[in-house]
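So this block is model-v6.txt, compact mmCIF, C-alpha atoms and all ligand atoms:
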```txt
# COMPACT_ATOMS: atom_id res chain seq x y z
CA MET A 75 0.00 0.00 0.00
CA ALA A 76 1.24 3.45 -0.83
CA ALA A 77 2.77 5.60 1.92
CA GLY A 78 0.30 7.45 4.10
CA PRO A 79 -1.44 10.56 2.82
CA VAL A 80 0.46 13.78 2.50
CA TRP A 81 -1.56 16.19 4.62
CA VAL A 82 -1.38 19.45 2.83
CA ALA A 83 -2.25 22.79 4.27
CA ALA A 84 -4.98 24.22 2.12
CA GLY A 85 -2.49 26.88 1.15
CA ALA A 86 0.45 24.59 0.78
CA CYS A 87 -0.59 22.63 -2.22
CA ARG A 88 2.77 22.33 -3.86
CA ARG A 89 4.25 18.86 -3.81
CA GLY A 90 7.59 18.76 -1.99
CA LYS A 91 8.57 20.25 1.34
CA SER A 92 10.23 23.31 2.77
CA ASP A 93 12.88 22.98 5.50
CA THR A 94 10.15 22.70 8.15
CA GLY A 95 8.85 19.74 6.24
CA LEU A 96 5.73 21.69 5.46
CA ALA A 97 4.88 22.14 1.85
CA GLY A 98 5.83 25.69 1.05
CA MET A 99 4.03 28.14 -1.16
CA ALA A 100 4.81 31.01 -3.41
CA PRO A 101 4.91 34.17 -1.27
CA LEU A 102 2.22 36.73 -1.84
CA ALA A 103 3.08 39.82 -3.82
CA GLY A 104 3.13 43.11 -1.96
CA ALA A 105 1.52 44.54 1.14
CA GLY A 106 -1.85 44.86 -0.54
CA ALA A 107 -1.99 41.15 -1.05
CA VAL A 108 -0.95 40.55 2.53
CA LEU A 109 -3.77 42.79 3.73
CA ALA A 110 -6.16 41.08 1.38
CA GLY A 111 -4.80 37.80 2.56
CA ALA A 112 -5.29 38.80 6.18
CA ALA A 113 -8.86 39.89 5.44
CA ALA A 114 -9.38 36.69 3.57
CA VAL A 115 -8.05 34.69 6.46
CA ALA A 116 -11.10 35.89 8.37
CA LEU A 117 -13.12 34.22 5.66
CA LEU A 118 -11.08 31.17 4.94
CA SER A 119 -10.10 28.68 7.57
CA ALA A 120 -8.72 25.36 6.57
CA ALA A 121 -6.80 22.69 8.17
CA LEU A 122 -3.45 22.01 7.33
CA VAL A 123 -0.35 20.56 7.15
CA LEU A 124 1.66 17.93 6.03
CA ARG A 125 4.40 15.77 5.03
CA GLU A 126 5.05 12.11 4.53
CA LEU A 127 4.72 10.78 8.08
CA PRO A 128 2.65 8.02 9.65
CA LEU A 129 -0.90 9.27 9.84
CA ASP A 130 -1.11 9.69 13.60
CA ALA A 131 2.17 11.62 13.63
CA VAL A 132 0.87 13.80 10.84
CA LEU A 133 -2.37 14.50 12.66
CA GLN A 134 -0.58 15.21 15.90
CA ARG A 135 1.89 17.49 14.13
CA ALA A 136 -0.82 19.20 12.14
CA PHE A 137 -2.68 20.37 15.18
CA SER A 138 0.46 21.42 16.99
CA LEU A 139 1.56 23.53 14.06
CA HIS A 140 -1.89 24.63 13.12
CA LYS A 141 -1.73 28.16 14.50
CA ALA A 142 1.83 28.83 13.39
CA HIS A 143 1.22 28.06 9.75
CA SER A 144 -2.45 28.48 9.15
CA ILE A 145 -2.41 32.20 8.42
CA LYS A 146 0.34 31.88 5.83
CA ASP A 147 -1.29 28.82 4.28
CA MET A 148 -4.66 30.49 4.11
CA GLU A 149 -3.20 33.43 2.27
CA ASN A 150 -1.49 31.07 -0.14
CA THR A 151 -4.68 29.11 -0.71
CA LEU A 152 -6.55 32.24 -1.57
CA GLN A 153 -3.79 33.35 -3.90
CA LEU A 154 -3.73 30.00 -5.67
CA VAL A 155 -7.46 30.04 -6.31
CA ARG A 156 -7.23 33.63 -7.50
CA ASN A 157 -4.44 32.61 -9.89
CA ILE A 158 -6.75 30.32 -11.85
CA ILE A 159 -9.53 32.86 -12.36
CA PRO A 160 -9.35 34.12 -15.95
CA PRO A 161 -9.16 37.89 -16.38
CA GLN A 162 -12.13 39.63 -18.02
CA THR A 163 -11.04 41.48 -21.13
CA SER A 164 -12.65 42.88 -24.24
CA LYS A 165 -10.54 40.49 -26.27
CA LYS A 166 -12.60 37.39 -25.39
CA HIS A 167 -15.50 35.89 -27.33
CA LYS A 168 -18.71 34.35 -25.96
CA GLY A 169 -18.03 30.89 -24.51
CA GLN A 170 -14.33 31.40 -23.90
CA ASP A 171 -14.80 31.65 -20.13
CA GLY A 172 -16.63 28.37 -20.03
CA ARG A 173 -19.33 26.26 -21.61
CA ILE A 174 -20.69 23.85 -18.99
CA GLY A 175 -23.11 20.95 -19.45
CA VAL A 176 -25.30 19.63 -16.61
CA ILE A 177 -26.54 16.06 -17.06
CA GLY A 178 -29.65 15.66 -14.94
CA GLY A 179 -33.28 16.63 -14.48
CA CYS A 180 -36.19 14.25 -14.40
CA GLN A 181 -39.86 14.17 -13.43
CA GLU A 182 -39.13 14.24 -9.68
CA TYR A 183 -36.20 16.62 -9.66
CA THR A 184 -36.05 19.81 -11.72
CA GLY A 185 -34.59 22.19 -9.14
CA ALA A 186 -31.21 20.47 -8.74
CA PRO A 187 -30.09 20.77 -12.39
CA TYR A 188 -31.30 24.36 -12.42
CA PHE A 189 -29.32 25.14 -9.25
CA ALA A 190 -26.17 23.59 -10.72
CA ALA A 191 -26.51 25.21 -14.14
CA ILE A 192 -27.36 28.72 -12.93
CA SER A 193 -24.56 28.56 -10.35
CA ALA A 194 -22.09 27.84 -13.15
CA LEU A 195 -23.26 30.97 -14.97
CA LYS A 196 -23.17 33.05 -11.79
CA VAL A 197 -19.59 31.96 -11.07
CA GLY A 198 -18.57 33.12 -14.55
CA ALA A 199 -19.25 30.53 -17.23
CA ASP A 200 -20.56 32.07 -20.46
CA LEU A 201 -22.95 29.27 -21.43
CA SER A 202 -24.74 26.69 -19.32
CA HIS A 203 -26.56 23.70 -20.83
CA VAL A 204 -28.90 21.23 -19.14
CA PHE A 205 -29.44 17.79 -20.69
CA CYS A 206 -32.59 16.42 -19.03
CA THR A 207 -35.63 14.28 -19.73
CA ARG A 208 -38.31 15.45 -22.14
CA GLU A 209 -40.85 16.12 -19.41
CA ALA A 210 -38.40 18.01 -17.17
CA ALA A 211 -37.29 20.35 -19.96
CA PRO A 212 -40.20 22.81 -20.08
CA VAL A 213 -40.13 23.06 -16.30
CA ILE A 214 -36.42 23.89 -16.18
CA LYS A 215 -36.75 26.24 -19.16
CA SER A 216 -39.46 28.05 -17.24
CA TYR A 217 -37.07 28.75 -14.39
CA SER A 218 -34.67 30.80 -16.49
CA PRO A 219 -34.03 32.00 -20.05
CA GLU A 220 -30.31 31.94 -19.22
CA LEU A 221 -30.11 28.16 -19.57
CA ILE A 222 -29.97 26.13 -22.80
CA VAL A 223 -32.14 23.10 -22.01
CA HIS A 224 -32.00 19.93 -24.17
CA PRO A 225 -34.91 17.47 -23.66
CA VAL A 226 -32.88 14.41 -24.70
CA LEU A 227 -31.82 12.38 -21.67
CA ASP A 228 -34.61 9.79 -22.07
CA SER A 229 -34.60 9.75 -25.88
CA PRO A 230 -33.58 6.56 -27.73
CA GLY A 231 -30.53 8.38 -29.09
CA ALA A 232 -29.66 10.16 -25.84
CA VAL A 233 -25.95 9.33 -25.90
CA HIS A 234 -25.59 10.46 -29.51
CA ASP A 235 -27.64 13.61 -28.87
CA VAL A 236 -25.40 14.64 -25.97
CA GLU A 237 -22.21 13.46 -27.70
CA GLU A 238 -22.91 15.91 -30.55
CA TRP A 239 -22.54 18.74 -28.04
CA LEU A 240 -19.40 17.51 -26.30
CA PRO A 241 -16.90 19.20 -28.66
CA ARG A 242 -18.47 22.51 -27.59
CA LEU A 243 -18.39 21.88 -23.83
CA HIS A 244 -15.50 22.42 -21.40
CA ALA A 245 -16.82 20.38 -18.48
CA LEU A 246 -19.76 18.21 -17.46
CA VAL A 247 -21.63 18.15 -14.15
CA VAL A 248 -23.26 14.72 -13.98
CA GLY A 249 -26.05 13.82 -11.57
CA PRO A 250 -27.99 16.74 -10.13
CA GLY A 251 -31.64 15.68 -10.23
CA LEU A 252 -30.81 12.66 -12.39
CA GLY A 253 -32.91 10.21 -10.44
CA ARG A 254 -32.27 6.46 -10.46
CA ASP A 255 -34.23 5.23 -13.49
CA ASP A 256 -32.28 2.38 -15.09
CA THR A 257 -32.68 3.69 -18.65
CA LEU A 258 -31.42 7.13 -17.69
CA LEU A 259 -28.49 5.61 -15.79
CA GLU A 260 -27.63 3.48 -18.81
CA ASN A 261 -27.63 6.59 -21.01
CA VAL A 262 -25.40 8.41 -18.55
CA LYS A 263 -22.92 5.52 -18.68
CA GLY A 264 -22.55 6.12 -22.42
CA ILE A 265 -22.28 9.88 -21.92
CA LEU A 266 -19.48 9.40 -19.38
CA GLU A 267 -17.60 7.10 -21.77
CA ALA A 268 -17.92 9.72 -24.52
CA ALA A 269 -16.72 12.49 -22.21
CA LYS A 270 -13.68 10.47 -21.13
CA ALA A 271 -12.87 9.69 -24.75
CA ARG A 272 -12.65 13.46 -25.32
CA ASP A 273 -10.70 14.11 -22.10
CA ILE A 274 -13.52 16.34 -20.81
CA PRO A 275 -13.43 16.94 -17.04
CA VAL A 276 -16.46 15.66 -15.17
CA VAL A 277 -17.92 16.59 -11.80
CA ILE A 278 -20.04 13.71 -10.52
CA ASP A 279 -22.65 14.44 -7.86
CA ALA A 280 -25.97 13.25 -6.48
CA ASP A 281 -27.49 10.36 -8.44
CA GLY A 282 -24.42 10.34 -10.67
CA LEU A 283 -22.69 9.04 -7.55
CA TRP A 284 -25.41 6.40 -7.21
CA LEU A 285 -24.34 5.23 -10.69
CA ILE A 286 -20.65 5.26 -9.77
CA ALA A 287 -21.35 3.21 -6.66
CA GLN A 288 -22.93 0.57 -8.93
CA HIS A 289 -20.16 0.79 -11.55
CA PRO A 290 -16.92 2.25 -10.10
CA ALA A 291 -15.02 1.18 -13.23
CA LEU A 292 -16.80 3.97 -15.10
CA ILE A 293 -14.38 6.51 -13.65
CA GLN A 294 -11.58 4.28 -12.31
CA GLY A 295 -8.29 6.12 -12.89
CA TYR A 296 -9.90 9.02 -14.76
CA ARG A 297 -8.00 11.86 -13.11
CA LYS A 298 -10.22 14.52 -14.66
CA ALA A 299 -13.13 13.34 -12.51
CA VAL A 300 -14.19 14.96 -9.23
CA LEU A 301 -16.74 13.25 -6.98
CA THR A 302 -18.72 15.40 -4.54
CA PRO A 303 -20.48 13.02 -2.13
CA ASN A 304 -22.48 14.07 0.87
CA HIS A 305 -22.33 11.95 4.03
CA VAL A 306 -24.73 9.29 2.74
CA GLU A 307 -23.28 9.18 -0.77
CA PHE A 308 -19.77 8.82 0.70
CA SER A 309 -20.83 5.83 2.75
CA ARG A 310 -22.39 4.20 -0.31
CA LEU A 311 -19.24 4.76 -2.38
CA SER A 312 -16.97 3.56 0.40
CA GLU A 313 -19.08 0.43 0.87
CA ALA A 314 -19.06 -0.26 -2.86
CA VAL A 315 -15.37 0.45 -3.50
CA LEU A 316 -13.62 -0.34 -0.21
CA ARG A 317 -16.16 -2.79 1.20
CA GLU A 318 -16.23 -0.76 4.39
CA PRO A 319 -18.80 1.73 5.72
CA GLY A 320 -16.36 4.61 5.40
CA ASN A 321 -16.47 6.96 8.34
CA GLY A 322 -17.11 10.06 6.25
CA SER A 323 -15.62 12.33 8.87
CA ASP A 324 -12.33 10.41 8.79
CA ARG A 325 -9.84 12.18 6.52
CA GLU A 326 -8.03 8.94 5.83
CA ALA A 327 -11.26 7.41 4.54
CA VAL A 328 -11.44 10.13 1.88
CA TRP A 329 -7.80 9.59 0.95
CA ARG A 330 -8.33 5.83 0.74
CA LEU A 331 -11.40 6.14 -1.45
CA SER A 332 -9.55 8.43 -3.85
CA GLN A 333 -6.60 6.04 -3.93
CA ALA A 334 -8.86 3.05 -4.57
CA LEU A 335 -10.51 4.87 -7.48
CA GLY A 336 -7.11 5.58 -9.06
CA ASN A 337 -6.59 9.12 -7.79
CA VAL A 338 -9.98 10.45 -8.77
CA THR A 339 -10.51 13.61 -6.72
CA VAL A 340 -13.02 13.15 -3.90
CA VAL A 341 -14.76 15.99 -2.04
CA ARG A 342 -16.60 14.70 1.01
CA LYS A 343 -19.00 17.45 1.99
CA GLY A 344 -19.87 17.98 5.63
CA GLU A 345 -19.29 20.13 8.70
CA GLN A 346 -15.80 20.45 7.24
CA ASP A 347 -15.31 19.45 3.64
CA VAL A 348 -12.49 16.94 3.19
CA LEU A 349 -10.81 16.79 -0.22
CA SER A 350 -8.26 14.34 -1.58
CA ASP A 351 -6.67 13.31 -4.89
CA GLY A 352 -5.19 10.20 -3.29
CA GLU A 353 -1.93 12.00 -2.67
CA GLN A 354 -2.85 15.14 -0.78
CA VAL A 355 -5.64 15.72 1.72
CA LEU A 356 -7.11 19.19 2.10
CA GLU A 357 -9.85 20.45 4.34
CA CYS A 358 -12.19 23.40 3.93
CA ALA A 359 -13.65 24.73 7.15
CA GLN A 360 -14.76 28.02 5.65
CA GLU A 361 -17.61 29.31 7.80
CA GLY A 362 -20.93 28.30 6.24
CA SER A 363 -24.22 28.20 8.06
CA SER A 364 -26.34 25.90 10.15
CA ARG A 365 -29.03 25.84 7.44
CA ARG A 366 -29.26 22.41 5.83
CA CYS A 367 -31.79 23.04 3.06
CA GLY A 368 -31.66 20.93 -0.08
CA GLY A 369 -29.80 22.22 -3.14
CA GLN A 370 -26.57 23.49 -1.59
CA GLY A 371 -24.62 20.56 -3.02
CA ASP A 372 -26.04 21.38 -6.44
CA LEU A 373 -24.75 24.94 -6.13
CA LEU A 374 -21.32 23.49 -5.26
CA SER A 375 -21.28 21.09 -8.22
CA GLY A 376 -22.17 23.82 -10.73
CA ALA A 377 -19.52 26.18 -9.35
CA LEU A 378 -17.01 23.33 -9.42
CA GLY A 379 -17.69 22.63 -13.10
CA VAL A 380 -16.49 26.12 -14.03
CA LEU A 381 -13.55 26.18 -11.62
CA VAL A 382 -12.29 22.82 -12.88
CA HIS A 383 -12.25 24.19 -16.43
CA TRP A 384 -10.43 27.34 -15.32
CA ALA A 385 -7.91 25.45 -13.19
CA LEU A 386 -7.02 23.09 -16.05
CA LEU A 387 -6.78 26.02 -18.46
CA ALA A 388 -4.55 28.02 -16.07
CA GLY A 389 -1.72 25.48 -16.19
CA PRO A 390 0.85 24.36 -13.61
CA GLU A 391 2.64 27.71 -13.40
CA LYS A 392 -0.56 29.23 -12.01
CA THR A 393 -1.45 26.29 -9.74
CA ASN A 394 2.04 26.11 -8.29
CA GLY A 395 2.19 22.36 -8.81
CA CYS A 396 -1.01 21.81 -6.85
CA SER A 397 -3.57 19.46 -8.38
CA PRO A 398 -5.83 21.71 -10.48
CA LEU A 399 -8.89 19.69 -9.54
CA LEU A 400 -8.08 19.92 -5.83
CA LEU A 401 -7.59 23.65 -6.16
CA ALA A 402 -10.87 24.06 -8.02
CA ALA A 403 -12.57 22.03 -5.31
CA VAL A 404 -11.15 24.25 -2.54
CA GLY A 405 -12.53 27.24 -4.43
CA ALA A 406 -15.97 25.71 -4.96
CA CYS A 407 -16.25 24.50 -1.36
CA SER A 408 -15.20 27.90 0.02
CA LEU A 409 -17.57 29.74 -2.30
CA THR A 410 -20.57 27.54 -1.49
CA ARG A 411 -20.04 27.92 2.23
CA GLN A 412 -19.57 31.67 1.94
CA CYS A 413 -22.83 31.93 -0.03
CA SER A 414 -24.57 29.96 2.68
CA HIS A 415 -23.05 32.18 5.37
CA GLN A 416 -24.06 35.43 3.64
CA ALA A 417 -27.59 34.22 2.83
CA PHE A 418 -28.11 32.96 6.37
CA GLN A 419 -27.10 36.34 7.78
CA LYS A 420 -29.96 37.88 5.78
CA HIS A 421 -32.64 35.19 5.89
CA GLY A 422 -31.87 33.01 8.90
CA ARG A 423 -33.99 29.88 9.22
CA SER A 424 -35.94 30.68 6.04
CA THR A 425 -32.77 30.68 3.87
CA THR A 426 -33.14 28.69 0.64
CA THR A 427 -30.64 27.68 -2.05
CA THR A 428 -32.18 30.36 -4.25
CA ASP A 429 -31.11 32.93 -1.63
CA MET A 430 -27.61 31.40 -1.65
CA ILE A 431 -27.36 31.60 -5.45
CA ALA A 432 -28.17 35.30 -5.19
CA GLU A 433 -25.02 35.60 -3.04
CA VAL A 434 -22.64 33.98 -5.56
CA GLY A 435 -21.49 37.31 -7.02
CA PRO A 436 -20.77 39.10 -3.73
CA ALA A 437 -19.25 35.97 -2.18
CA PHE A 438 -17.00 35.36 -5.19
CA HIS A 439 -15.83 38.97 -5.13
CA ARG A 440 -15.21 38.84 -1.38
CA LEU A 441 -13.22 35.60 -1.54
CA PHE A 442 -11.34 35.92 -4.81
CA GLU A 443 -11.31 39.51 -6.05
CA ALA A 444 -11.33 41.93 -3.09
N1 LIG B 501 -34.86 20.83 -5.47
C1 LIG B 501 -34.37 19.73 -6.06
O1 LIG B 501 -34.72 19.35 -7.18
C2 LIG B 501 -33.35 18.96 -5.31
C3 LIG B 501 -33.05 17.71 -5.80
N2 LIG B 501 -32.07 16.96 -5.25
C4 LIG B 501 -31.76 15.71 -5.89
O2 LIG B 501 -32.35 14.66 -5.16
C5 LIG B 501 -31.70 13.45 -5.54
C6 LIG B 501 -31.43 12.69 -4.28
O3 LIG B 501 -30.55 13.51 -3.45
P1 LIG B 501 -30.50 13.27 -1.88
O4 LIG B 501 -29.38 14.10 -1.32
O5 LIG B 501 -31.84 13.47 -1.28
O6 LIG B 501 -30.21 11.74 -1.83
P2 LIG B 501 -29.22 10.93 -0.93
O7 LIG B 501 -29.49 9.52 -1.30
O8 LIG B 501 -27.85 11.47 -1.02
O9 LIG B 501 -29.70 11.22 0.55
C7 LIG B 501 -30.85 10.53 1.01
C8 LIG B 501 -31.19 11.14 2.31
O10 LIG B 501 -30.12 11.00 3.22
C9 LIG B 501 -30.28 11.99 4.21
N3 LIG B 501 -29.01 12.62 4.50
C10 LIG B 501 -28.35 13.52 3.74
N4 LIG B 501 -27.23 13.92 4.36
C11 LIG B 501 -27.16 13.25 5.52
C12 LIG B 501 -26.23 13.24 6.62
N5 LIG B 501 -25.15 14.06 6.62
N6 LIG B 501 -26.47 12.43 7.66
C13 LIG B 501 -27.55 11.64 7.67
N7 LIG B 501 -28.49 11.60 6.69
C14 LIG B 501 -28.28 12.42 5.63
C15 LIG B 501 -31.25 13.03 3.67
O11 LIG B 501 -32.48 12.91 4.31
C16 LIG B 501 -31.34 12.63 2.20
O12 LIG B 501 -32.56 12.98 1.58
C17 LIG B 501 -30.41 13.86 -6.25
O13 LIG B 501 -30.51 13.69 -7.65
C18 LIG B 501 -30.31 15.35 -5.94
O14 LIG B 501 -29.63 16.09 -6.94
C19 LIG B 501 -31.26 17.43 -4.14
O15 LIG B 501 -30.09 17.94 -4.69
C20 LIG B 501 -31.96 18.49 -3.33
C21 LIG B 501 -32.66 19.54 -4.13
N1 LIG B 502 -22.84 20.33 9.22
C1 LIG B 502 -22.51 21.25 8.32
N2 LIG B 502 -22.07 22.48 8.72
C2 LIG B 502 -21.74 23.41 7.80
N3 LIG B 502 -21.79 23.22 6.46
C3 LIG B 502 -22.21 22.01 6.04
C4 LIG B 502 -22.58 20.96 6.92
N4 LIG B 502 -22.95 19.88 6.18
C5 LIG B 502 -22.81 20.24 4.90
N5 LIG B 502 -22.36 21.52 4.81
C6 LIG B 502 -22.11 22.28 3.59
O1 LIG B 502 -23.34 22.34 2.86
C7 LIG B 502 -23.10 22.21 1.46
C8 LIG B 502 -23.90 21.04 0.91
O2 LIG B 502 -23.53 19.88 1.60
P1 LIG B 502 -24.61 18.68 1.70
O3 LIG B 502 -23.99 17.61 2.52
O4 LIG B 502 -25.93 19.26 2.11
O5 LIG B 502 -24.71 18.25 0.17
P2 LIG B 502 -25.93 17.53 -0.53
O6 LIG B 502 -26.66 16.65 0.40
O7 LIG B 502 -25.36 16.89 -1.77
O8 LIG B 502 -26.85 18.76 -0.95
P3 LIG B 502 -28.05 18.69 -2.01
O9 LIG B 502 -29.30 18.91 -1.20
O10 LIG B 502 -27.79 19.79 -2.98
O11 LIG B 502 -28.00 17.34 -2.65
C9 LIG B 502 -21.59 22.06 1.30
O12 LIG B 502 -21.05 23.33 1.03
C10 LIG B 502 -21.12 21.60 2.66
O13 LIG B 502 -19.80 22.07 2.92
MG MG B 503 -26.45 16.34 -3.30
```
Take the structure I supplied and represent it as structure tokens, if you would.
Ligand SMILES: NC(=O)C1=CN([C@@H]2O[C@H](COP(=O)(O)OP(=O)(O)OC[C@H]3O[C@@H](n4cnc5c(N)ncnc54)[C@H](O)[C@@H]3O)[C@@H](O)[C@H]2O)[C@@H](O)CC1
Ligand SMILES: Nc1ncnc2c1ncn2[C@@H]1O[C@H](COP(=O)(O)OP(=O)(O)OP(=O)(O)O)[C@@H](O)[C@H]1O
Ligand SMILES: [Mg+2]
Amino acid sequence: MAAGPVWVAAGACRRGKSDTGLAGMAPLAGAGAVLAGAAAVALLSAALVLRELPLDAVLQRAFSLHKAHSIKDMENTLQLVRNIIPPQTSKKHKGQDGRIGVIGGCQEYTGAPYFAAISALKVGADLSHVFCTREAAPVIKSYSPELIVHPVLDSPGAVHDVEEWLPRLHALVVGPGLGRDDTLLENVKGILEAAKARDIPVVIDADGLWLIAQHPALIQGYRKAVLTPNHVEFSRLSEAVLREPGNGSDREAVWRLSQALGNVTVVRKGEQDVLSDGEQVLECAQEGSSRRCGGQGDLLSGALGVLVHWALLAGPEKTNGCSPLLLAAVGACSLTRQCSHQAFQKHGRSTTTTDMIAEVGPAFHRLFEA
């Protein structure tokens, strides 16, 4: 079995170690950035640390060093996520900042694909498509003219119909509101194969994860896949892949699942989000809210679709050697929790995901642009 996980401070993504044995990071530029970083630290808190040590030693060391390094690491995390955000210029054409496809939407669930698709647009994608069932399409279309909705997911030629669009898409978000109908799941299998054949990054969430739990080989070793399980979905995946219940709150469990899937990136959502690519383990403890309404994971998956595209586009010089998918996931997790935090401050117990989506712009600015 491979050596234990490398526990990486959220801001210390680079592989390799500084003299303290902690992964180092590119210093911030200038006082302004330090101030911004300090302000951002108030927003971002993440756990840290790491090097190649036995797990218990790493954990023990992490918490002893936590205070000393966390501020620096936080600043670096923020800077890394900022690095991957494409500048807005008059030189770009429509679509260049992202064309995202959401695969999901059925009779029971029409909100989830809407939440994911509109969140992608709100984060900064130029075009957002939803590929859903025929009967879900008019419902989702009625939610927003911003979305391009294709009523094809239950058609006889569903795979072909979606495949025709793949050359024009930068990333797929598979699963929000998909449901568990066998025919739909069979179609999604074909869509995933077609996406992999074109090296398109895929975020897999919700009932897409139900499919993966049945057929892990679908994404085995596909390092452009990110899974975003909640507590229940994590247990299902862990049971299916590792034959163990998978204590979702155990960071090693996330690392082990990622390893077992061939370094697919795993984001286990929860009180703290735990993220791993099978080599590094990151944690996002960005302050969110105590509101647990449905749809927040859909917001995360849509945001993640855009950030994955941007991170891959940015290249290693911008990501400082950190896994682009891990970095995108830190950004999406932080953003989702910040939206929840801001919306809860305004709406309290009555907060809905719609309220959170309204906060994407201000939260994004606060975290990544201020
Ligand atoms: N408005 C909508 O259209 C929504 C549709 N959704 C879709 O609904 C489908 C099923 O998603 P679910 O998340 O309900 O299904 P899951 O199978 O993931 O969860 C089943 C149930 O487990 C429970 N659960 C969740 N987190 C838990 C935790 N931390 N500890 C203990 N129990 C927990 C919840 O009651 C949940 O309904 C997905 O396709 C999803 O995208 C959801 O995203 C919510 C919003
Ligand atoms: N106990 C918690 N405290 C704070 N934030 C949490 C907690 N549990 C989950 N979150 C956050 O809520 C968001 C959604 O996580 P959740 O586990 O609800 O996903 P989900 O069940 O897939 O949501 P959805 O209803 O969209 O399917 C994530 O940003 C996650 O970090
Ligand atoms: Mg979900």
Residues near Arg365 in chain A, anyone? I mean within 9 Å using only C-alpha atoms, not counting same-chain ones fewer than 5 positions away, as an mmCIF file with C-alpha atoms, in the frame of the given file.
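Once written, around_4.cif looks like this:
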```
data_model
loop_
_atom_site.group_PDB
_atom_site.id
_atom_site.type_symbol
_atom_site.label_atom_id
_atom_site.label_comp_id
_atom_site.auth_asym_id
_atom_site.auth_seq_id
_atom_site.Cartn_x
_atom_site.Cartn_y
_atom_site.Cartn_z
ATOM 1 C CA SER A 414 -24.570 29.960 2.680
ATOM 2 C CA HIS A 415 -23.050 32.180 5.370
ATOM 3 C CA PHE A 418 -28.110 32.960 6.370
ATOM 4 C CA GLY A 422 -31.870 33.010 8.900
ATOM 5 C CA ARG A 423 -33.990 29.880 9.220
ATOM 6 C CA SER A 424 -35.940 30.680 6.040
ATOM 7 C CA THR A 425 -32.770 30.680 3.870
ATOM 8 C CA THR A 426 -33.140 28.690 0.640
#
```
Enumerate, in order of chain and increasing residue number, the residues of chain A with an atom no farther than 6 Å from ligand LIG 502 (chain B), each with its shortest atom pair and distance in Å to one decimal, counting all atoms listed in the file, as a tab-separated table.
```
residue	atom	partner	partner_atom	distance
A:Ala280	CA	B:LIG502	O11	6.0
A:Asn304	CA	B:LIG502	O3	4.2
A:Lys343	CA	B:LIG502	C10	4.7
A:Gly344	CA	B:LIG502	N4	3.7
A:Glu345	CA	B:LIG502	C1	3.4
A:Asp347	CA	B:LIG502	O13	5.2
A:Gly362	CA	B:LIG502	N3	5.2
A:Ser363	CA	B:LIG502	C2	5.4
A:Ser364	CA	B:LIG502	N2	5.7
A:Arg366	CA	B:LIG502	O4	5.9
A:Gly368	CA	B:LIG502	O9	3.3
A:Gly369	CA	B:LIG502	O10	3.2
A:Gln370	CA	B:LIG502	O10	4.1
A:Gly371	CA	B:LIG502	O10	3.3
A:Asp372	CA	B:LIG502	O10	4.2
A:Cys407	CA	B:LIG502	O12	5.5
A:Thr410	CA	B:LIG502	O12	4.9
A:Arg411	CA	B:LIG502	O12	4.9
```
- Item | Counting all atoms listed in the file, the option among A:Gly405, A:Gly253, A:Pro212, A:Pro398 closest to ligand LIG 501 (chain B) | A:Gly253
Can you sort out the box for ligand LIG 501 (chain B), edges along x, y and z, all listed atoms in, 5 Å on every side, with centre and edge lengths in Å to one decimal, as JSON?
```
{"center_x": -30.0, "center_y": 15.2, "center_z": 0.0, "size_x": 19.7, "size_y": 21.3, "size_z": 25.3}
```
- Got a sec to check which residues lie within 10 Å of ligand LIG 501 (chain B), using only C-alpha atoms and all ligand atoms, and send them as number ranges by chain? A: 178-190, 248-254, 279-284, 303-310, 322-323, 343-345, 366-373, 375, 427-428
- Extract, using all atoms listed in the file, all DNA, RNA and protein residues at most 10 Å from Val328 in chain A, discarding same-chain residues fewer than 6 positions from it, and format them as a PyMOL selection string. chain A and resi 308+312+320-322+334+339-342+348-352+355
- For Val223 in chain A: contacts at 9 Å, all atoms listed in the file, fewer than 3 positions along chain excluded, given as a ChimeraX atom specification: /A:202-206,211-212,214-215
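Among A:Val277, A:Leu285, A:Val380, A:Leu335, the residue with the shortest atom-to-atom distance to Gly169 in chain A, counting all atoms listed in the file, is A:Val380.
Pairwise distance (CA of Gly435 in chain A, CA of Lys196 in chain A) equals 6.6 Å.
With distances restricted to only C-alpha atoms and all ligand atoms, A:Ile278 is the closest residue to ligand MG 503 (chain B) from A:Ala299, A:Ile278, A:Pro390, A:His439.
Rounded to one decimal, CA of Ala432 in chain A and CA of Ser216 in chain A lie 18.0 Å from each other.
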- Of the listed residues A:Asp273, A:Glu357, A:Glu433, A:Glu220, that which approaches Ala245 in chain A most closely, counting only C-alpha atoms: A:Asp273
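Considering the residues A:Val338, A:Ala314, A:Pro241, A:Ala268 and counting all atoms listed in the file, Tyr296 in chain A has its shortest atom-to-atom contact with A:Val338.
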